[in-house]
Amino acid sequence: MSVAESVAVHSDTADPGPCGTPGRRNDPPAISYCRTIDRTLVIALRGVLDRESVYPLRLMLTVAVKSGYSRLVVDCAEITDCDNELLELFLSWKRHDRNIVLVHPSGPVRDLIAAEISRRLFLCALSVKHALDLMEC
């Protein structure tokens, strides 16, 4: 079973979108495009990616890992909103020596990444002043 077929099989709607994503009513699907090239999974995401809508993507990446894919290319240009669920999913892919490339990160994706970098700098800093100094670098 291919990655896209796995998502389609586990879809819970009668009219799945591209790559079998269920999406939420009146929302565009989270996964708008998927393709495999050798051991690389290429996907495009759009719309809102949060705790409620990330399941098809999580399933797709789980199947991809079990199928031996080691590289992920994600087009993030059409993501309109996202939360830490998306970031955690990306970080979980990166673990275990897998590569990830984010292409065209939208404003919400850039904001999410910047917030996480700031949070980690703050946690590693010796003081609040040190954290602010690190953020200016």
# chains A, B, ... in the order shown; residues from 1 in each chain; ligands from 1
>>> residues_around(residues="region 113-130 of chain A", least_positions_apart="2", cutoff="12 Å", atoms="only C-alpha atoms", output="list of chain:residue names")
A:Cys82, A:Asp83, A:Asn84, A:Glu85, A:Leu86, A:Leu87, A:Glu88, A:Phe90, A:Leu91, A:Leu102, A:Pro105, A:Ser106, A:Gly107, A:Pro108, A:Val109, A:Arg110, A:Asp111, A:Leu132, A:Asp133, A:Leu134, A:Met135, A:Glu136, A:Cys137
>>> select_by_dssp(residues="region 93-137 of chain A", states="helix (DSSP H, G or I)", output="list in words")
Trp93, Lys94, Gly107, Pro108, Val109, Arg110, Asp111, Leu112, Ile113, Ala114, Ala115, Glu116, Ile117, Ser118, Arg119, Arg120, Leu121, Phe122, Leu123, Cys124, Val128, Lys129, His130, Ala131, Leu132, Asp133, Leu134, Met135 and Glu136 of chain A
>>> write_last_selection(atoms="N, CA, C and O atoms", output="compact mmCIF listing (two decimals), in the first residue's frame")
# COMPACT_ATOMS: atom_id res chain seq x y z
N TRP A 93 9.61 14.05 12.54
CA TRP A 93 10.18 13.54 11.29
C TRP A 93 11.70 13.71 11.29
O TRP A 93 12.44 12.83 10.88
N LYS A 94 12.15 14.84 11.77
CA LYS A 94 13.58 15.18 11.75
C LYS A 94 14.40 14.25 12.64
O LYS A 94 15.56 13.97 12.34
N GLY A 107 3.40 32.96 6.26
CA GLY A 107 3.54 33.79 7.46
C GLY A 107 3.26 33.04 8.75
O GLY A 107 4.06 33.09 9.69
N PRO A 108 2.15 32.29 8.83
CA PRO A 108 1.87 31.54 10.06
C PRO A 108 2.94 30.49 10.38
O PRO A 108 3.28 30.27 11.55
N VAL A 109 3.51 29.86 9.36
CA VAL A 109 4.56 28.87 9.60
C VAL A 109 5.82 29.57 10.10
O VAL A 109 6.45 29.11 11.07
N ARG A 110 6.19 30.67 9.47
CA ARG A 110 7.37 31.43 9.93
C ARG A 110 7.17 31.92 11.37
O ARG A 110 8.08 31.85 12.19
N ASP A 111 5.98 32.41 11.67
CA ASP A 111 5.69 32.88 13.04
C ASP A 111 5.80 31.75 14.05
O ASP A 111 6.33 31.93 15.15
N LEU A 112 5.28 30.57 13.70
CA LEU A 112 5.35 29.42 14.59
C LEU A 112 6.80 29.02 14.86
O LEU A 112 7.18 28.79 16.01
N ILE A 113 7.60 28.98 13.82
CA ILE A 113 9.01 28.60 13.98
C ILE A 113 9.75 29.66 14.79
O ILE A 113 10.54 29.33 15.68
N ALA A 114 9.50 30.94 14.51
CA ALA A 114 10.16 32.01 15.26
C ALA A 114 9.79 31.97 16.74
O ALA A 114 10.64 32.17 17.61
N ALA A 115 8.52 31.68 17.03
CA ALA A 115 8.09 31.60 18.43
C ALA A 115 8.79 30.44 19.14
O ALA A 115 9.20 30.57 20.30
N GLU A 116 8.95 29.32 18.45
CA GLU A 116 9.61 28.17 19.06
C GLU A 116 11.10 28.44 19.28
O GLU A 116 11.65 28.08 20.32
N ILE A 117 11.72 29.10 18.34
CA ILE A 117 13.14 29.47 18.51
C ILE A 117 13.29 30.40 19.70
O ILE A 117 14.18 30.22 20.54
N SER A 118 12.41 31.39 19.80
CA SER A 118 12.46 32.32 20.93
C SER A 118 12.26 31.60 22.26
O SER A 118 12.94 31.87 23.24
N ARG A 119 11.31 30.67 22.28
CA ARG A 119 11.04 29.92 23.50
C ARG A 119 12.26 29.11 23.92
O ARG A 119 12.65 29.11 25.08
N ARG A 120 12.88 28.45 22.97
CA ARG A 120 14.06 27.63 23.29
C ARG A 120 15.24 28.49 23.72
O ARG A 120 15.98 28.11 24.62
N LEU A 121 15.43 29.64 23.07
CA LEU A 121 16.49 30.55 23.50
C LEU A 121 16.25 31.03 24.93
O LEU A 121 17.17 31.10 25.74
N PHE A 122 14.99 31.34 25.23
CA PHE A 122 14.66 31.80 26.57
C PHE A 122 14.95 30.71 27.60
O PHE A 122 15.49 30.98 28.67
N LEU A 123 14.61 29.46 27.28
CA LEU A 123 14.84 28.35 28.21
C LEU A 123 16.33 28.09 28.42
O LEU A 123 16.74 27.65 29.50
N CYS A 124 17.15 28.35 27.40
CA CYS A 124 18.59 28.09 27.50
C CYS A 124 19.36 29.27 28.09
O CYS A 124 20.52 29.12 28.46
N VAL A 128 16.85 36.68 31.82
CA VAL A 128 15.96 37.30 30.84
C VAL A 128 16.76 38.22 29.94
O VAL A 128 16.59 38.23 28.72
N LYS A 129 17.68 38.97 30.51
CA LYS A 129 18.52 39.87 29.71
C LYS A 129 19.34 39.07 28.71
O LYS A 129 19.45 39.44 27.54
N HIS A 130 19.91 37.95 29.14
CA HIS A 130 20.68 37.11 28.24
C HIS A 130 19.79 36.57 27.11
O HIS A 130 20.22 36.54 25.95
N ALA A 131 18.57 36.19 27.41
CA ALA A 131 17.64 35.70 26.39
C ALA A 131 17.36 36.79 25.35
O ALA A 131 17.35 36.55 24.15
N LEU A 132 17.11 38.01 25.82
CA LEU A 132 16.86 39.11 24.91
C LEU A 132 18.08 39.42 24.06
O LEU A 132 17.95 39.71 22.86
N ASP A 133 19.26 39.33 24.65
CA ASP A 133 20.49 39.54 23.89
C ASP A 133 20.64 38.46 22.81
O ASP A 133 21.06 38.76 21.70
N LEU A 134 20.32 37.22 23.14
CA LEU A 134 20.42 36.14 22.16
C LEU A 134 19.45 36.34 21.01
O LEU A 134 19.76 36.03 19.86
N MET A 135 18.27 36.87 21.29
CA MET A 135 17.26 37.07 20.26
C MET A 135 17.67 38.17 19.29
O MET A 135 17.27 38.16 18.13
N GLU A 136 18.50 39.11 19.74
CA GLU A 136 18.93 40.20 18.86
C GLU A 136 20.01 39.75 17.90
O GLU A 136 20.24 40.39 16.89
>>> closest_residue(among="A:Thr40, A:Val65, A:Val73, A:Ala30", to="Ser53 (chain A)", atoms="only C-alpha atoms")
A:Ala30
>>> atom_distance(atom1="CA of Val103 (chain A)", atom2="CA of Ile43 (chain A)")
10.0 Å
>>> atom_distance(atom1="CA of His96 (chain A)", atom2="CA of Arg51 (chain A)")
23.5 Å
>>> closest_residue(among="A:Val101, A:Arg95, A:Ser32, A:Ile79", to="Pro56 (chain A)", atoms="only C-alpha atoms")
A:Ser32
>>> decode(residues="region 19-122 of chain A", atoms="C-alpha atoms", output="PDB file, in the first residue's frame")
ATOM      1  CA  CYS A  19      -4.285  12.237  -1.323  1.00  0.00           C
ATOM      2  CA  GLY A  20      -7.404  11.078   0.517  1.00  0.00           C
ATOM      3  CA  THR A  21      -7.470  13.807   3.151  1.00  0.00           C
ATOM      4  CA  PRO A  22     -10.790  14.214   4.947  1.00  0.00           C
ATOM      5  CA  GLY A  23     -10.434  17.847   6.008  1.00  0.00           C
ATOM      6  CA  ARG A  24     -13.155  19.614   7.956  1.00  0.00           C
ATOM      7  CA  ARG A  25     -16.453  20.711   6.517  1.00  0.00           C
ATOM      8  CA  ASN A  26     -16.019  23.826   4.328  1.00  0.00           C
ATOM      9  CA  ASP A  27     -12.250  23.816   4.908  1.00  0.00           C
ATOM     10  CA  PRO A  28      -9.748  23.021   2.208  1.00  0.00           C
ATOM     11  CA  PRO A  29      -7.876  19.749   2.793  1.00  0.00           C
ATOM     12  CA  ALA A  30      -4.658  19.866   4.782  1.00  0.00           C
ATOM     13  CA  ILE A  31      -2.798  17.795   2.186  1.00  0.00           C
ATOM     14  CA  SER A  32      -3.355  19.257  -1.269  1.00  0.00           C
ATOM     15  CA  TYR A  33      -0.610  17.387  -3.137  1.00  0.00           C
ATOM     16  CA  CYS A  34       1.600  14.375  -2.589  1.00  0.00           C
ATOM     17  CA  ARG A  35       4.195  12.600  -4.668  1.00  0.00           C
ATOM     18  CA  THR A  36       7.015  10.183  -4.014  1.00  0.00           C
ATOM     19  CA  ILE A  37      10.412  10.281  -5.673  1.00  0.00           C
ATOM     20  CA  ASP A  38      12.788   7.500  -4.649  1.00  0.00           C
ATOM     21  CA  ARG A  39      12.954   7.789  -0.826  1.00  0.00           C
ATOM     22  CA  THR A  40      11.563  11.340  -0.821  1.00  0.00           C
ATOM     23  CA  LEU A  41       7.981  12.289   0.013  1.00  0.00           C
ATOM     24  CA  VAL A  42       6.928  15.610  -1.535  1.00  0.00           C
ATOM     25  CA  ILE A  43       3.743  17.180  -0.178  1.00  0.00           C
ATOM     26  CA  ALA A  44       1.951  20.509  -0.285  1.00  0.00           C
ATOM     27  CA  LEU A  45      -0.168  21.610   2.645  1.00  0.00           C
ATOM     28  CA  ARG A  46      -2.902  24.204   2.775  1.00  0.00           C
ATOM     29  CA  GLY A  47      -5.496  25.622   5.071  1.00  0.00           C
ATOM     30  CA  VAL A  48      -5.530  25.184   8.829  1.00  0.00           C
ATOM     31  CA  LEU A  49      -3.241  22.612  10.427  1.00  0.00           C
ATOM     32  CA  ASP A  50      -4.048  22.144  14.075  1.00  0.00           C
ATOM     33  CA  ARG A  51      -4.853  19.379  16.531  1.00  0.00           C
ATOM     34  CA  GLU A  52      -8.110  18.569  14.716  1.00  0.00           C
ATOM     35  CA  SER A  53      -6.804  18.560  11.144  1.00  0.00           C
ATOM     36  CA  VAL A  54      -3.280  17.133  11.431  1.00  0.00           C
ATOM     37  CA  TYR A  55      -4.331  13.445  11.612  1.00  0.00           C
ATOM     38  CA  PRO A  56      -4.139  12.676   7.852  1.00  0.00           C
ATOM     39  CA  LEU A  57      -0.676  14.232   7.709  1.00  0.00           C
ATOM     40  CA  ARG A  58       0.450  12.331  10.805  1.00  0.00           C
ATOM     41  CA  LEU A  59      -0.845   9.089   9.276  1.00  0.00           C
ATOM     42  CA  MET A  60       0.878   9.804   5.970  1.00  0.00           C
ATOM     43  CA  LEU A  61       4.232  10.456   7.666  1.00  0.00           C
ATOM     44  CA  THR A  62       3.913   7.344   9.822  1.00  0.00           C
ATOM     45  CA  VAL A  63       3.327   5.201   6.751  1.00  0.00           C
ATOM     46  CA  ALA A  64       6.172   6.971   4.930  1.00  0.00           C
ATOM     47  CA  VAL A  65       8.611   6.185   7.759  1.00  0.00           C
ATOM     48  CA  LYS A  66       7.528   2.535   7.841  1.00  0.00           C
ATOM     49  CA  SER A  67       7.914   2.407   4.051  1.00  0.00           C
ATOM     50  CA  GLY A  68      11.505   3.612   4.217  1.00  0.00           C
ATOM     51  CA  TYR A  69      11.190   7.254   3.184  1.00  0.00           C
ATOM     52  CA  SER A  70      13.988   9.334   4.657  1.00  0.00           C
ATOM     53  CA  ARG A  71      13.459  12.757   3.110  1.00  0.00           C
ATOM     54  CA  LEU A  72      10.436  15.032   3.304  1.00  0.00           C
ATOM     55  CA  VAL A  73       9.842  18.139   1.184  1.00  0.00           C
ATOM     56  CA  VAL A  74       6.902  20.245   2.351  1.00  0.00           C
ATOM     57  CA  ASP A  75       5.446  23.184   0.438  1.00  0.00           C
ATOM     58  CA  CYS A  76       3.960  25.420   3.146  1.00  0.00           C
ATOM     59  CA  ALA A  77       2.906  28.363   0.954  1.00  0.00           C
ATOM     60  CA  GLU A  78      -0.840  27.844   1.423  1.00  0.00           C
ATOM     61  CA  ILE A  79      -0.960  27.187   5.176  1.00  0.00           C
ATOM     62  CA  THR A  80      -3.273  29.836   6.587  1.00  0.00           C
ATOM     63  CA  ASP A  81      -3.010  28.891  10.264  1.00  0.00           C
ATOM     64  CA  CYS A  82      -1.107  26.326  12.305  1.00  0.00           C
ATOM     65  CA  ASP A  83      -0.209  25.450  15.862  1.00  0.00           C
ATOM     66  CA  ASN A  84       2.415  23.447  17.718  1.00  0.00           C
ATOM     67  CA  GLU A  85       0.951  20.164  16.440  1.00  0.00           C
ATOM     68  CA  LEU A  86       2.449  20.914  13.029  1.00  0.00           C
ATOM     69  CA  LEU A  87       5.820  21.864  14.487  1.00  0.00           C
ATOM     70  CA  GLU A  88       5.909  18.728  16.644  1.00  0.00           C
ATOM     71  CA  LEU A  89       5.109  16.640  13.592  1.00  0.00           C
ATOM     72  CA  PHE A  90       7.971  18.223  11.639  1.00  0.00           C
ATOM     73  CA  LEU A  91      10.360  17.749  14.562  1.00  0.00           C
ATOM     74  CA  SER A  92       9.348  14.109  14.965  1.00  0.00           C
ATOM     75  CA  TRP A  93      10.178  13.535  11.289  1.00  0.00           C
ATOM     76  CA  LYS A  94      13.584  15.179  11.747  1.00  0.00           C
ATOM     77  CA  ARG A  95      14.519  12.827  14.566  1.00  0.00           C
ATOM     78  CA  HIS A  96      16.293   9.592  13.660  1.00  0.00           C
ATOM     79  CA  ASP A  97      18.414  11.194  10.916  1.00  0.00           C
ATOM     80  CA  ARG A  98      15.581  11.942   8.483  1.00  0.00           C
ATOM     81  CA  ASN A  99      15.772  15.146   6.427  1.00  0.00           C
ATOM     82  CA  ILE A 100      13.057  17.750   6.038  1.00  0.00           C
ATOM     83  CA  VAL A 101      12.925  20.771   3.746  1.00  0.00           C
ATOM     84  CA  LEU A 102      10.254  23.436   4.176  1.00  0.00           C
ATOM     85  CA  VAL A 103       9.562  25.246   0.911  1.00  0.00           C
ATOM     86  CA  HIS A 104       7.803  28.624   0.778  1.00  0.00           C
ATOM     87  CA  PRO A 105       6.844  28.836   4.473  1.00  0.00           C
ATOM     88  CA  SER A 106       3.777  31.029   4.859  1.00  0.00           C
ATOM     89  CA  GLY A 107       3.545  33.790   7.459  1.00  0.00           C
ATOM     90  CA  PRO A 108       1.871  31.540  10.061  1.00  0.00           C
ATOM     91  CA  VAL A 109       4.560  28.870   9.596  1.00  0.00           C
ATOM     92  CA  ARG A 110       7.372  31.429   9.933  1.00  0.00           C
ATOM     93  CA  ASP A 111       5.688  32.882  13.038  1.00  0.00           C
ATOM     94  CA  LEU A 112       5.348  29.418  14.590  1.00  0.00           C
ATOM     95  CA  ILE A 113       9.011  28.604  13.976  1.00  0.00           C
ATOM     96  CA  ALA A 114      10.155  32.014  15.256  1.00  0.00           C
ATOM     97  CA  ALA A 115       8.089  31.595  18.429  1.00  0.00           C
ATOM     98  CA  GLU A 116       9.613  28.169  19.061  1.00  0.00           C
ATOM     99  CA  ILE A 117      13.141  29.470  18.510  1.00  0.00           C
ATOM    100  CA  SER A 118      12.464  32.325  20.932  1.00  0.00           C
ATOM    101  CA  ARG A 119      11.037  29.919  23.504  1.00  0.00           C
ATOM    102  CA  ARG A 120      14.059  27.632  23.290  1.00  0.00           C
ATOM    103  CA  LEU A 121      16.490  30.551  23.503  1.00  0.00           C
ATOM    104  CA  PHE A 122      14.661  31.797  26.571  1.00  0.00           C
TER     105      PHE A 122
END
